[in-house]
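Source file: entry-v1.cif; contents: mmCIF, C-alpha atoms.
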data_model
loop_
_atom_site.label_atom_id
_atom_site.label_comp_id
_atom_site.auth_asym_id
_atom_site.auth_seq_id
_atom_site.Cartn_x
_atom_site.Cartn_y
_atom_site.Cartn_z
CA MET A 546 158.50 41.04 101.20
CA THR A 547 159.18 44.48 102.55
CA VAL A 548 156.72 47.23 101.72
CA ARG A 549 157.25 50.91 102.39
CA VAL A 550 154.24 53.18 102.74
CA SER A 551 153.80 56.79 103.73
CA ASP A 552 153.36 57.69 107.39
CA ARG A 553 149.75 58.57 106.65
CA ALA A 554 149.11 55.17 105.05
CA ALA A 555 150.87 53.40 107.95
CA ASP A 556 148.70 55.28 110.45
CA HIS A 557 145.59 54.21 108.57
CA ILE A 558 146.72 50.58 108.37
CA ASP A 559 147.52 50.55 112.08
CA ALA A 560 144.12 52.05 112.93
CA VAL A 561 142.31 49.41 110.88
CA VAL A 562 144.24 46.63 112.60
CA ARG A 563 143.69 48.23 116.03
CA ASN A 564 139.93 48.32 115.37
CA GLY A 565 140.02 44.53 115.08
CA ARG A 566 138.80 43.90 111.56
CA PHE A 567 142.18 42.43 110.61
CA GLU A 568 144.64 40.58 112.78
CA SER A 569 147.76 42.09 111.24
CA ARG A 570 149.09 44.63 108.79
CA ALA A 571 149.94 41.80 106.40
CA GLN A 572 146.38 40.46 106.49
CA TYR A 573 144.96 43.91 105.73
CA LEU A 574 147.43 44.62 102.93
CA THR A 575 146.74 41.19 101.39
CA TRP A 576 143.01 41.93 101.51
CA LEU A 577 143.58 45.32 99.83
CA VAL A 578 145.71 43.84 97.03
CA GLU A 579 143.21 41.03 96.39
CA ARG A 580 140.33 43.51 96.34
CA GLU A 581 142.15 45.70 93.82
CA ALA A 582 142.91 42.67 91.64
CA ARG A 583 139.18 41.76 91.64
CA ARG A 584 138.26 45.37 90.82
CA GLN A 585 140.62 45.43 87.86
CA ARG A 586 139.26 42.10 86.57
CA ASP A 587 135.70 43.40 86.95
CA LEU A 588 136.56 46.58 85.06
CA ALA A 589 138.14 44.52 82.27
CA ASP A 590 135.03 42.34 82.10
CA LEU A 591 132.81 45.41 82.00
CA GLU A 592 134.88 46.86 79.17
CA LYS A 593 134.51 43.59 77.22
CA LEU A 594 130.75 43.65 77.76
CA ARG A 595 130.58 47.28 76.70
CA ALA A 596 132.66 46.60 73.57
CA ALA A 597 130.47 43.61 72.67
CA GLY A 598 127.31 45.68 73.05
CA ALA A 599 126.08 43.45 75.87
CA LEU A 600 125.25 46.47 78.01
CA ASP A 601 122.70 47.48 75.37
CA ASP A 602 120.53 44.54 76.43
CA PRO A 603 116.93 45.86 76.76
CA THR A 604 116.09 43.82 79.88
CA PRO A 605 114.73 45.82 82.82
CA GLU A 606 117.42 44.41 85.12
CA LEU A 607 120.06 46.40 83.25
CA ALA A 608 118.00 49.57 82.72
CA ASP A 609 118.86 51.10 86.09
CA PHE A 610 122.54 50.16 85.71
CA ARG A 611 122.69 51.74 82.25
CA ARG A 612 120.94 54.89 83.40
CA ARG A 613 123.27 55.38 86.38
CA ASN A 614 126.47 54.60 84.49
CA ALA A 615 125.87 55.72 80.91
CA ALA A 616 127.92 58.89 81.21
CA ARG A 617 130.57 57.55 83.58
CA SER A 618 133.99 56.59 82.33
CA LEU A 619 135.31 53.25 83.54
CA ALA A 620 138.03 55.03 85.50
CA HIS A 621 135.34 56.34 87.88
CA LEU A 622 133.80 52.98 88.74
CA ASP A 623 135.97 52.27 91.81
#
What do you get writing this file as structure tokens?
Amino acid sequence: MTVRVSDRAADHIDAVVRNGRFESRAQYLTWLVEREARRQRDLADLEKLRAAGALDDPTPELADFRRRNAARSLAHLD
């Protein structure tokens, strides 16, 4: 697969690889795509929980989460 990215994105990718966290551009791009796929699944799950009223659970474990995120739209949860 061939992927074209902006010069700025390519510079960033190259810097990340140069810093040693990833062995190649392909490894880093695969990690990014997989992370985004997980994020989208998590957002969909959160929306399902919100729609089902599960986030209204009165347990203390969710109190801090509700307080921090009550006014946030799902689009801002990245």
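We find atom CA of A:Val562 and atom CA of A:Arg549 to be spaced 17.1 Å apart.
One finds atom CA of A:Arg613 at 16.0 Å from atom CA of A:Leu588.
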- Message: Applying the PyMOL selection byres ((chain A and resi 574-577) around 12) to the file I just gave you, which residues come out? Please list them as a list in words.
- Response: Met546, Thr547, Val548, Arg549, Val550, Ala554, Ala555, His557, Ile558, Asp559, Val561, Val562, Arg566, Phe567, Glu568, Ser569, Arg570, Ala571, Gln572, Tyr573, Val578, Glu579, Arg580, Glu581, Ala582, Arg583 and Arg584 of chain A
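We find atom CA of A:Gln585 and atom CA of A:Ala560 to be spaced 26.2 Å apart.
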Stretch 600-612 of chain A, all listed atoms, 5 Å padding on each side: what axis-aligned box centre and edge lengths in Å to one decimal come out, as JSON?
{"center_x": 120.0, "center_y": 49.4, "center_z": 80.7, "size_x": 20.5, "size_y": 21.1, "size_z": 20.7}
